[in-house]
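entry-v6.txt, holding compact mmCIF, N, CA and C atoms:
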# COMPACT_ATOMS: atom_id res chain seq x y z
N MET A 1 -131.83 -146.43 -174.32
CA MET A 1 -130.87 -146.79 -175.34
C MET A 1 -130.81 -148.32 -175.43
N ILE A 2 -130.94 -148.85 -176.62
CA ILE A 2 -130.81 -150.29 -176.84
C ILE A 2 -129.33 -150.63 -176.86
N THR A 3 -128.95 -151.65 -176.11
CA THR A 3 -127.53 -152.00 -176.00
C THR A 3 -127.18 -153.29 -176.72
N GLY A 4 -128.14 -153.99 -177.27
CA GLY A 4 -127.86 -155.23 -177.97
C GLY A 4 -129.14 -155.95 -178.32
N ALA A 5 -129.00 -157.14 -178.82
CA ALA A 5 -130.15 -157.98 -179.16
C ALA A 5 -129.90 -159.38 -178.60
N HIS A 6 -130.95 -160.02 -178.17
CA HIS A 6 -130.85 -161.38 -177.63
C HIS A 6 -131.81 -162.25 -178.43
N PHE A 7 -131.28 -163.23 -179.12
CA PHE A 7 -132.11 -164.15 -179.89
C PHE A 7 -132.39 -165.37 -179.03
N VAL A 8 -133.62 -165.86 -179.08
CA VAL A 8 -134.00 -167.06 -178.36
C VAL A 8 -134.24 -168.15 -179.40
N MET A 9 -133.51 -169.24 -179.28
CA MET A 9 -133.66 -170.36 -180.20
C MET A 9 -134.21 -171.54 -179.42
N PHE A 10 -135.31 -172.09 -179.88
CA PHE A 10 -135.92 -173.24 -179.22
C PHE A 10 -135.36 -174.52 -179.83
N SER A 11 -135.08 -175.50 -179.00
CA SER A 11 -134.45 -176.73 -179.45
C SER A 11 -135.05 -177.92 -178.72
N THR A 12 -135.18 -179.03 -179.42
CA THR A 12 -135.63 -180.26 -178.78
C THR A 12 -134.47 -180.99 -178.10
N TRP A 13 -133.24 -180.52 -178.34
CA TRP A 13 -132.05 -181.09 -177.70
C TRP A 13 -131.09 -179.95 -177.39
N PRO A 14 -131.46 -179.08 -176.44
CA PRO A 14 -130.68 -177.86 -176.20
C PRO A 14 -129.24 -178.10 -175.77
N GLU A 15 -128.99 -179.15 -175.01
CA GLU A 15 -127.61 -179.40 -174.57
C GLU A 15 -126.69 -179.64 -175.76
N ALA A 16 -127.15 -180.45 -176.71
CA ALA A 16 -126.33 -180.76 -177.89
C ALA A 16 -126.17 -179.53 -178.78
N ASP A 17 -127.23 -178.75 -178.93
CA ASP A 17 -127.12 -177.54 -179.76
C ASP A 17 -126.21 -176.51 -179.09
N ARG A 18 -126.26 -176.41 -177.76
CA ARG A 18 -125.34 -175.50 -177.06
C ARG A 18 -123.89 -175.95 -177.26
N ALA A 19 -123.66 -177.25 -177.17
CA ALA A 19 -122.31 -177.78 -177.40
C ALA A 19 -121.85 -177.47 -178.82
N PHE A 20 -122.76 -177.55 -179.79
CA PHE A 20 -122.43 -177.23 -181.18
C PHE A 20 -121.99 -175.77 -181.31
N PHE A 21 -122.76 -174.85 -180.73
CA PHE A 21 -122.40 -173.43 -180.79
C PHE A 21 -121.05 -173.18 -180.11
N HIS A 22 -120.80 -173.89 -179.00
CA HIS A 22 -119.56 -173.71 -178.24
C HIS A 22 -118.36 -174.40 -178.90
N ASP A 23 -118.50 -175.69 -179.20
CA ASP A 23 -117.37 -176.49 -179.64
C ASP A 23 -117.11 -176.42 -181.15
N VAL A 24 -118.16 -176.34 -181.94
CA VAL A 24 -117.99 -176.36 -183.39
C VAL A 24 -117.90 -174.95 -183.97
N LEU A 25 -118.88 -174.12 -183.64
CA LEU A 25 -118.84 -172.75 -184.16
C LEU A 25 -117.88 -171.87 -183.37
N ARG A 26 -117.50 -172.32 -182.19
CA ARG A 26 -116.53 -171.64 -181.33
C ARG A 26 -116.98 -170.23 -180.92
N PHE A 27 -118.27 -170.10 -180.64
CA PHE A 27 -118.79 -168.82 -180.15
C PHE A 27 -118.46 -168.70 -178.67
N ARG A 28 -118.00 -167.52 -178.24
CA ARG A 28 -117.77 -167.25 -176.83
C ARG A 28 -119.10 -167.33 -176.09
N SER A 29 -119.04 -167.68 -174.80
CA SER A 29 -120.28 -167.77 -174.05
C SER A 29 -120.05 -167.38 -172.60
N VAL A 30 -121.15 -167.13 -171.92
CA VAL A 30 -121.14 -166.93 -170.47
C VAL A 30 -122.12 -167.93 -169.89
N ASP A 31 -121.84 -168.36 -168.67
CA ASP A 31 -122.74 -169.27 -167.96
C ASP A 31 -123.70 -168.40 -167.16
N ALA A 32 -124.98 -168.45 -167.54
CA ALA A 32 -125.99 -167.64 -166.86
C ALA A 32 -126.46 -168.30 -165.57
N GLY A 33 -125.86 -169.43 -165.25
CA GLY A 33 -126.22 -170.16 -164.03
C GLY A 33 -126.65 -171.57 -164.36
N GLY A 34 -126.14 -172.52 -163.63
CA GLY A 34 -126.54 -173.91 -163.83
C GLY A 34 -126.12 -174.50 -165.17
N GLY A 35 -125.07 -173.96 -165.77
CA GLY A 35 -124.61 -174.48 -167.05
C GLY A 35 -125.37 -173.95 -168.25
N TRP A 36 -126.26 -172.98 -168.03
CA TRP A 36 -127.06 -172.41 -169.11
C TRP A 36 -126.19 -171.39 -169.85
N LEU A 37 -125.71 -171.77 -171.02
CA LEU A 37 -124.80 -170.91 -171.78
C LEU A 37 -125.57 -169.91 -172.64
N ILE A 38 -125.09 -168.69 -172.63
CA ILE A 38 -125.59 -167.65 -173.53
C ILE A 38 -124.41 -167.24 -174.39
N PHE A 39 -124.61 -167.27 -175.70
CA PHE A 39 -123.52 -167.09 -176.65
C PHE A 39 -123.43 -165.68 -177.20
N ALA A 40 -122.20 -165.22 -177.32
CA ALA A 40 -121.94 -163.97 -178.04
C ALA A 40 -122.03 -164.30 -179.53
N LEU A 41 -122.71 -163.47 -180.26
CA LEU A 41 -122.83 -163.66 -181.70
C LEU A 41 -121.92 -162.67 -182.41
N PRO A 42 -121.62 -162.97 -183.66
CA PRO A 42 -120.91 -161.97 -184.45
C PRO A 42 -121.79 -160.72 -184.57
N PRO A 43 -121.25 -159.60 -185.01
CA PRO A 43 -122.11 -158.43 -185.22
C PRO A 43 -123.34 -158.84 -186.03
N ALA A 44 -124.46 -158.23 -185.75
CA ALA A 44 -125.71 -158.66 -186.37
C ALA A 44 -126.44 -157.50 -187.03
N GLU A 45 -127.37 -157.86 -187.87
CA GLU A 45 -128.28 -156.90 -188.48
C GLU A 45 -129.62 -157.59 -188.63
N VAL A 46 -130.66 -156.84 -188.85
CA VAL A 46 -131.98 -157.43 -189.03
C VAL A 46 -132.61 -156.86 -190.30
N GLY A 47 -133.18 -157.73 -191.09
CA GLY A 47 -133.93 -157.33 -192.28
C GLY A 47 -135.38 -157.68 -192.02
N VAL A 48 -136.27 -156.73 -192.23
CA VAL A 48 -137.70 -156.96 -191.99
C VAL A 48 -138.35 -157.26 -193.34
N HIS A 49 -138.86 -158.48 -193.46
CA HIS A 49 -139.44 -158.95 -194.71
C HIS A 49 -140.96 -159.04 -194.57
N PRO A 50 -141.69 -158.92 -195.66
CA PRO A 50 -143.16 -159.03 -195.58
C PRO A 50 -143.56 -160.47 -195.23
N ALA A 51 -144.64 -160.60 -194.49
CA ALA A 51 -145.18 -161.92 -194.14
C ALA A 51 -146.66 -161.94 -194.47
N GLU A 52 -147.17 -163.11 -194.75
CA GLU A 52 -148.60 -163.24 -195.00
C GLU A 52 -149.36 -163.12 -193.69
N VAL A 53 -150.57 -162.62 -193.75
CA VAL A 53 -151.41 -162.55 -192.56
C VAL A 53 -151.60 -163.98 -192.05
N GLY A 54 -151.41 -164.17 -190.76
CA GLY A 54 -151.55 -165.50 -190.17
C GLY A 54 -150.26 -166.31 -190.23
N ALA A 55 -149.15 -165.66 -190.62
CA ALA A 55 -147.87 -166.37 -190.67
C ALA A 55 -147.51 -166.86 -189.28
N ARG A 56 -146.60 -167.83 -189.22
CA ARG A 56 -146.22 -168.43 -187.93
C ARG A 56 -145.82 -167.37 -186.92
N ARG A 57 -146.48 -167.42 -185.77
CA ARG A 57 -146.14 -166.55 -184.65
C ARG A 57 -146.33 -167.35 -183.38
N ARG A 58 -145.52 -167.07 -182.39
CA ARG A 58 -145.60 -167.75 -181.10
C ARG A 58 -146.40 -166.88 -180.15
N LYS A 59 -147.37 -167.48 -179.46
CA LYS A 59 -148.20 -166.72 -178.52
C LYS A 59 -147.38 -166.25 -177.32
N THR A 60 -147.68 -165.04 -176.88
CA THR A 60 -147.02 -164.46 -175.72
C THR A 60 -148.01 -164.39 -174.57
N PRO A 61 -147.54 -164.17 -173.34
CA PRO A 61 -148.47 -164.05 -172.22
C PRO A 61 -149.50 -162.94 -172.42
N ALA A 62 -149.15 -161.91 -173.16
CA ALA A 62 -150.09 -160.82 -173.39
C ALA A 62 -151.13 -161.18 -174.44
N GLY A 63 -150.97 -162.36 -175.08
CA GLY A 63 -151.95 -162.81 -176.06
C GLY A 63 -151.60 -162.43 -177.48
N SER A 64 -150.61 -161.58 -177.64
CA SER A 64 -150.21 -161.23 -179.00
C SER A 64 -149.21 -162.27 -179.48
N GLY A 65 -148.70 -162.11 -180.66
CA GLY A 65 -147.76 -163.09 -181.19
C GLY A 65 -146.39 -162.49 -181.39
N MET A 66 -145.38 -163.28 -181.06
CA MET A 66 -144.00 -162.88 -181.34
C MET A 66 -143.74 -163.10 -182.82
N ALA A 67 -142.95 -162.24 -183.40
CA ALA A 67 -142.61 -162.37 -184.81
C ALA A 67 -141.76 -163.61 -185.02
N LYS A 68 -141.95 -164.28 -186.14
CA LYS A 68 -141.12 -165.41 -186.51
C LYS A 68 -139.78 -164.85 -186.96
N VAL A 69 -138.71 -165.47 -186.50
CA VAL A 69 -137.36 -165.02 -186.85
C VAL A 69 -136.54 -166.22 -187.31
N ASP A 70 -135.85 -166.08 -188.42
CA ASP A 70 -134.92 -167.10 -188.89
C ASP A 70 -133.51 -166.59 -188.67
N LEU A 71 -132.63 -167.46 -188.20
CA LEU A 71 -131.24 -167.08 -187.96
C LEU A 71 -130.40 -167.48 -189.16
N TYR A 72 -129.74 -166.51 -189.76
CA TYR A 72 -128.76 -166.74 -190.81
C TYR A 72 -127.44 -166.16 -190.34
N LEU A 73 -126.41 -166.99 -190.28
CA LEU A 73 -125.07 -166.50 -190.02
C LEU A 73 -124.50 -166.06 -191.36
N MET A 74 -123.72 -164.98 -191.36
CA MET A 74 -123.15 -164.47 -192.60
C MET A 74 -121.65 -164.77 -192.64
N CYS A 75 -121.13 -164.92 -193.84
CA CYS A 75 -119.70 -165.15 -194.02
C CYS A 75 -119.25 -164.47 -195.30
N ASN A 76 -117.93 -164.37 -195.48
CA ASN A 76 -117.44 -163.72 -196.70
C ASN A 76 -116.93 -164.74 -197.72
N ASP A 77 -116.86 -166.03 -197.37
CA ASP A 77 -116.46 -167.08 -198.31
C ASP A 77 -117.18 -168.36 -197.92
N LEU A 78 -118.36 -168.56 -198.49
CA LEU A 78 -119.21 -169.69 -198.11
C LEU A 78 -118.53 -171.03 -198.39
N HIS A 79 -117.89 -171.16 -199.55
CA HIS A 79 -117.25 -172.42 -199.91
C HIS A 79 -116.16 -172.80 -198.90
N ALA A 80 -115.32 -171.84 -198.52
CA ALA A 80 -114.25 -172.10 -197.55
C ALA A 80 -114.81 -172.45 -196.18
N LEU A 81 -115.87 -171.75 -195.76
CA LEU A 81 -116.45 -172.03 -194.45
C LEU A 81 -117.08 -173.42 -194.42
N ILE A 82 -117.77 -173.79 -195.49
CA ILE A 82 -118.37 -175.13 -195.55
C ILE A 82 -117.27 -176.19 -195.47
N LYS A 83 -116.17 -175.95 -196.16
CA LYS A 83 -115.05 -176.90 -196.12
C LYS A 83 -114.54 -177.06 -194.69
N SER A 84 -114.41 -175.95 -193.95
CA SER A 84 -113.93 -176.04 -192.56
C SER A 84 -114.97 -176.70 -191.66
N LEU A 85 -116.24 -176.48 -191.93
CA LEU A 85 -117.29 -177.13 -191.14
C LEU A 85 -117.31 -178.64 -191.41
N LEU A 86 -117.14 -179.02 -192.67
CA LEU A 86 -117.10 -180.45 -193.02
C LEU A 86 -115.95 -181.16 -192.30
N ALA A 87 -114.83 -180.45 -192.13
CA ALA A 87 -113.68 -181.03 -191.41
C ALA A 87 -114.02 -181.28 -189.94
N ARG A 88 -115.07 -180.59 -189.44
CA ARG A 88 -115.52 -180.79 -188.05
C ARG A 88 -116.80 -181.62 -188.01
N ASN A 89 -117.05 -182.35 -189.10
CA ASN A 89 -118.21 -183.25 -189.22
C ASN A 89 -119.56 -182.54 -189.16
N VAL A 90 -119.62 -181.32 -189.67
CA VAL A 90 -120.88 -180.57 -189.72
C VAL A 90 -121.48 -180.71 -191.11
N LYS A 91 -122.73 -181.10 -191.16
CA LYS A 91 -123.42 -181.28 -192.44
C LYS A 91 -124.11 -179.99 -192.85
N CYS A 92 -123.96 -179.64 -194.11
CA CYS A 92 -124.64 -178.48 -194.69
C CYS A 92 -125.47 -178.97 -195.87
N THR A 93 -126.53 -178.24 -196.17
CA THR A 93 -127.32 -178.57 -197.36
C THR A 93 -126.58 -178.07 -198.59
N GLU A 94 -127.09 -178.43 -199.75
CA GLU A 94 -126.51 -177.97 -201.02
C GLU A 94 -126.49 -176.44 -201.05
N ILE A 95 -125.47 -175.88 -201.64
CA ILE A 95 -125.41 -174.42 -201.81
C ILE A 95 -126.42 -174.02 -202.87
N GLU A 96 -127.17 -172.99 -202.56
CA GLU A 96 -128.13 -172.43 -203.51
C GLU A 96 -127.74 -170.99 -203.80
N GLU A 97 -128.00 -170.57 -205.03
CA GLU A 97 -127.77 -169.18 -205.38
C GLU A 97 -129.10 -168.44 -205.32
N ALA A 98 -129.19 -167.55 -204.38
CA ALA A 98 -130.40 -166.73 -204.22
C ALA A 98 -130.13 -165.34 -204.80
N ARG A 99 -131.15 -164.57 -204.97
CA ARG A 99 -131.02 -163.20 -205.47
C ARG A 99 -130.10 -162.38 -204.57
N TRP A 100 -130.06 -162.70 -203.29
CA TRP A 100 -129.32 -161.92 -202.29
C TRP A 100 -128.00 -162.55 -201.86
N GLY A 101 -127.62 -163.69 -202.45
CA GLY A 101 -126.32 -164.29 -202.13
C GLY A 101 -126.33 -165.80 -202.22
N LEU A 102 -125.22 -166.41 -201.87
CA LEU A 102 -125.11 -167.86 -201.82
C LEU A 102 -125.56 -168.32 -200.45
N LYS A 103 -126.36 -169.41 -200.38
CA LYS A 103 -126.88 -169.82 -199.08
C LYS A 103 -126.87 -171.33 -198.93
N THR A 104 -126.85 -171.75 -197.69
CA THR A 104 -126.97 -173.14 -197.29
C THR A 104 -127.60 -173.15 -195.91
N THR A 105 -127.81 -174.33 -195.37
CA THR A 105 -128.21 -174.42 -193.97
C THR A 105 -127.28 -175.41 -193.28
N ILE A 106 -127.10 -175.20 -191.98
CA ILE A 106 -126.28 -176.06 -191.14
C ILE A 106 -127.23 -176.91 -190.31
N LEU A 107 -127.00 -178.20 -190.32
CA LEU A 107 -127.82 -179.11 -189.52
C LEU A 107 -127.29 -179.16 -188.09
N LEU A 108 -128.14 -178.80 -187.13
CA LEU A 108 -127.77 -178.85 -185.72
C LEU A 108 -128.00 -180.26 -185.17
N PRO A 109 -127.36 -180.60 -184.06
CA PRO A 109 -127.56 -181.93 -183.47
C PRO A 109 -129.03 -182.26 -183.18
N SER A 110 -129.83 -181.25 -182.87
CA SER A 110 -131.25 -181.48 -182.56
C SER A 110 -132.07 -181.80 -183.79
N GLY A 111 -131.50 -181.58 -184.97
CA GLY A 111 -132.26 -181.77 -186.21
C GLY A 111 -132.76 -180.46 -186.79
N SER A 112 -132.69 -179.38 -186.01
CA SER A 112 -133.06 -178.06 -186.51
C SER A 112 -131.97 -177.58 -187.46
N GLU A 113 -132.27 -176.54 -188.22
CA GLU A 113 -131.29 -175.98 -189.13
C GLU A 113 -131.20 -174.47 -188.91
N ILE A 114 -130.00 -173.94 -189.12
CA ILE A 114 -129.82 -172.50 -189.15
C ILE A 114 -129.22 -172.15 -190.50
N GLY A 115 -129.51 -170.95 -190.96
CA GLY A 115 -129.02 -170.53 -192.26
C GLY A 115 -127.59 -170.02 -192.20
N LEU A 116 -126.93 -170.12 -193.33
CA LEU A 116 -125.57 -169.61 -193.49
C LEU A 116 -125.50 -169.05 -194.89
N TYR A 117 -125.06 -167.79 -195.02
CA TYR A 117 -124.99 -167.24 -196.37
C TYR A 117 -123.88 -166.23 -196.55
N GLN A 118 -123.50 -166.09 -197.81
CA GLN A 118 -122.51 -165.12 -198.26
C GLN A 118 -123.28 -164.05 -199.02
N PRO A 119 -123.50 -162.88 -198.39
CA PRO A 119 -124.32 -161.86 -199.04
C PRO A 119 -123.65 -161.25 -200.27
N ASN A 120 -124.48 -160.90 -201.24
CA ASN A 120 -123.98 -160.15 -202.39
C ASN A 120 -124.59 -158.74 -202.39
N HIS A 121 -125.11 -158.34 -201.24
CA HIS A 121 -125.76 -157.04 -201.07
C HIS A 121 -125.03 -156.24 -199.99
N SER A 122 -125.37 -154.99 -199.89
CA SER A 122 -124.82 -154.16 -198.82
C SER A 122 -125.23 -154.74 -197.48
N THR A 123 -124.36 -154.58 -196.49
CA THR A 123 -124.70 -155.04 -195.15
C THR A 123 -124.58 -153.87 -194.19
N ALA A 124 -125.43 -153.87 -193.18
CA ALA A 124 -125.39 -152.82 -192.17
C ALA A 124 -124.14 -152.95 -191.31
N ILE A 125 -123.65 -154.17 -191.16
CA ILE A 125 -122.47 -154.42 -190.33
C ILE A 125 -121.25 -153.76 -190.94
N ALA A 126 -121.03 -154.01 -192.22
CA ALA A 126 -119.84 -153.48 -192.88
C ALA A 126 -119.99 -152.00 -193.18
N GLY A 127 -121.21 -151.51 -193.12
CA GLY A 127 -121.45 -150.10 -193.45
C GLY A 127 -121.24 -149.81 -194.92
N THR A 128 -121.30 -150.88 -195.73
CA THR A 128 -121.10 -150.71 -197.16
C THR A 128 -122.37 -150.24 -197.81
N ARG A 129 -122.24 -149.63 -198.94
CA ARG A 129 -123.40 -149.16 -199.70
C ARG A 129 -123.29 -149.69 -201.11
N LYS A 130 -123.34 -151.01 -201.27
CA LYS A 130 -123.35 -151.58 -202.61
C LYS A 130 -124.63 -151.16 -203.28
N LYS A 131 -124.56 -150.85 -204.56
CA LYS A 131 -125.77 -150.50 -205.28
C LYS A 131 -126.45 -151.80 -205.68
N VAL A 132 -127.65 -152.00 -205.18
CA VAL A 132 -128.42 -153.19 -205.50
C VAL A 132 -129.16 -152.91 -206.79
N GLN A 133 -129.03 -153.82 -207.76
CA GLN A 133 -129.64 -153.61 -209.06
C GLN A 133 -131.13 -153.34 -208.91
N GLY A 134 -131.59 -152.30 -209.59
CA GLY A 134 -133.00 -151.94 -209.57
C GLY A 134 -133.38 -151.07 -208.38
N SER A 135 -132.47 -150.76 -207.50
CA SER A 135 -132.76 -149.95 -206.32
C SER A 135 -132.12 -148.58 -206.49
N ARG A 136 -132.93 -147.58 -206.77
CA ARG A 136 -132.42 -146.24 -206.96
C ARG A 136 -132.94 -145.27 -205.89
N ARG A 137 -133.83 -145.76 -205.03
CA ARG A 137 -134.46 -144.90 -204.04
C ARG A 137 -133.52 -144.54 -202.92
N GLU A 138 -133.77 -143.37 -202.36
CA GLU A 138 -133.07 -142.99 -201.14
C GLU A 138 -133.72 -143.72 -199.97
N PRO A 139 -132.95 -144.07 -198.95
CA PRO A 139 -133.57 -144.68 -197.77
C PRO A 139 -134.65 -143.77 -197.21
N GLY A 140 -135.79 -144.36 -196.82
CA GLY A 140 -136.87 -143.59 -196.22
C GLY A 140 -137.82 -142.98 -197.22
N LYS A 141 -137.61 -143.22 -198.53
CA LYS A 141 -138.53 -142.68 -199.53
C LYS A 141 -139.29 -143.80 -200.20
N SER A 142 -140.54 -143.54 -200.56
CA SER A 142 -141.36 -144.53 -201.23
C SER A 142 -141.04 -144.53 -202.72
N LYS A 143 -141.69 -145.45 -203.46
CA LYS A 143 -141.48 -145.53 -204.91
C LYS A 143 -141.81 -144.23 -205.60
N SER A 144 -142.79 -143.49 -205.07
CA SER A 144 -143.18 -142.22 -205.69
C SER A 144 -142.19 -141.10 -205.36
N GLY A 145 -141.27 -141.38 -204.45
CA GLY A 145 -140.31 -140.34 -204.06
C GLY A 145 -140.72 -139.58 -202.82
N ALA A 146 -141.96 -139.85 -202.34
CA ALA A 146 -142.43 -139.16 -201.13
C ALA A 146 -141.76 -139.76 -199.90
N ARG A 147 -141.54 -138.94 -198.92
CA ARG A 147 -140.93 -139.41 -197.68
C ARG A 147 -141.95 -140.29 -196.96
N ARG A 148 -141.51 -141.50 -196.50
CA ARG A 148 -142.41 -142.39 -195.76
C ARG A 148 -142.57 -141.90 -194.35
N ARG A 149 -143.76 -142.09 -193.82
CA ARG A 149 -144.06 -141.69 -192.45
C ARG A 149 -143.62 -142.77 -191.49
N ALA A 150 -142.94 -142.41 -190.41
CA ALA A 150 -142.53 -143.37 -189.38
C ALA A 150 -143.75 -143.78 -188.59
N ARG A 151 -143.81 -145.05 -188.19
CA ARG A 151 -144.96 -145.54 -187.41
C ARG A 151 -144.53 -145.89 -186.03

What would the structure in this file look like if it were written as structure tokens?
Amino acid sequence: MITGAHFVMFSTWPEADRAFFHDVLRFRSVDAGGGWLIFALPPAEVGVHPAEVGARRRKTPAGSGMAKVDLYLMCNDLHALIKSLLARNVKCTEIEEARWGLKTTILLPSGSEIGLYQPNHSTAIAGTRKKVQGSRREPGKSKSGARRRAR
């Protein structure tokens, strides 16, 4: 039984980025030893998107590649959250309207960025079933209506 997910974020300035997650985003954490903080995240979901062959992957000891993962934090009011982040001296990029919601990125102390968005689609967390325009298929069925085979 899977009991959770652990995301690994690489940073050129991990101490500052850990302080950002702790002090600015106010995520709870545990000390795994020696001051190494591991943060509790809000409830999460994963969307699997198509990638081009040869897309960025990190080599593993087994010689295969780890999938590239981007972290997007979700919120229900992007404008209000950005306002509260600005009050804590956090810089965000311009808000963009994407097909799937309003989005921005948060600049971390290391110079890396993480995504932040307000979804306009159903989310697995909320258990909502918003009808996405143009999507009439049942989960697990292909465009032809045939049941997809699990791999």

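Counting only C-alpha atoms, the residue from A:Ile114, A:Pro43, A:Ile82, A:Gly4 that sits nearest to Val69 in chain A is A:Ile114.
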
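Between CA of Leu73 in chain A and CA of Trp13 in chain A the interatomic distance comes to 20.3 Å.
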
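Here atom C of Ala40 in chain A and CA of Asp17 in chain A stand 14.2 Å from one another.
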
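The gap separating CA of Ile125 in chain A from CA of Leu81 in chain A is 19.1 Å, in Å to one decimal.
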
*asked:* Taking (-130.2, -162.3, -203.7) as a centre in this file's frame and 8 Å as the limit, can you find every polymer residue with an atom that close, using all atoms listed in the file, and give them as a VMD selection string?
replied: chain A and resid 97 to 102 119 to 121

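Residue nearest Ala16 in chain A, chosen from A:Cys92, A:Leu107, A:Cys75, A:Ala80 and counting only C-alpha atoms: A:Leu107.
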
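Considering only C-alpha atoms, the residue among A:Asp77, A:Glu94, A:Glu52, A:Glu45 positioned nearest to Gln118 in chain A is A:Asp77.
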
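Taking only N, CA and C atoms into account, Met74 in chain A lies nearest to A:Leu116 out of the set A:Ala19, A:Ala124, A:Met9, A:Leu116.
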
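Between Lys103 in chain A and the residues A:Lys91, A:Thr123, A:Phe10, A:Tyr117, the shortest atom-to-atom distance, using all atoms listed in the file, involves A:Tyr117.
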
*Residues of range 10-122 of chain A in strand (DSSP E) according to DSSP, as JSON, numbers by chain?*
{"A": [29, 30, 31, 37, 38, 39, 58, 59, 65, 66, 72, 73, 74, 96, 97, 98, 101, 102, 103, 104, 105, 106, 107, 113, 114, 115, 116, 117, 118, 119]}

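Assigned to helix (DSSP H, G or I) in range 72-124 of chain A, given DSSP computed from backbone atoms, are A:Leu78, A:His79, A:Ala80, A:Leu81, A:Ile82, A:Lys83, A:Ser84, A:Leu85, A:Leu86, A:Ala87.
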
*Nearest to Tyr72 in chain A among A:Ile106, A:Ile95, A:Ala51, A:Ile2, with distances taken over only C-alpha atoms: which residue is it?*
A:Ile106
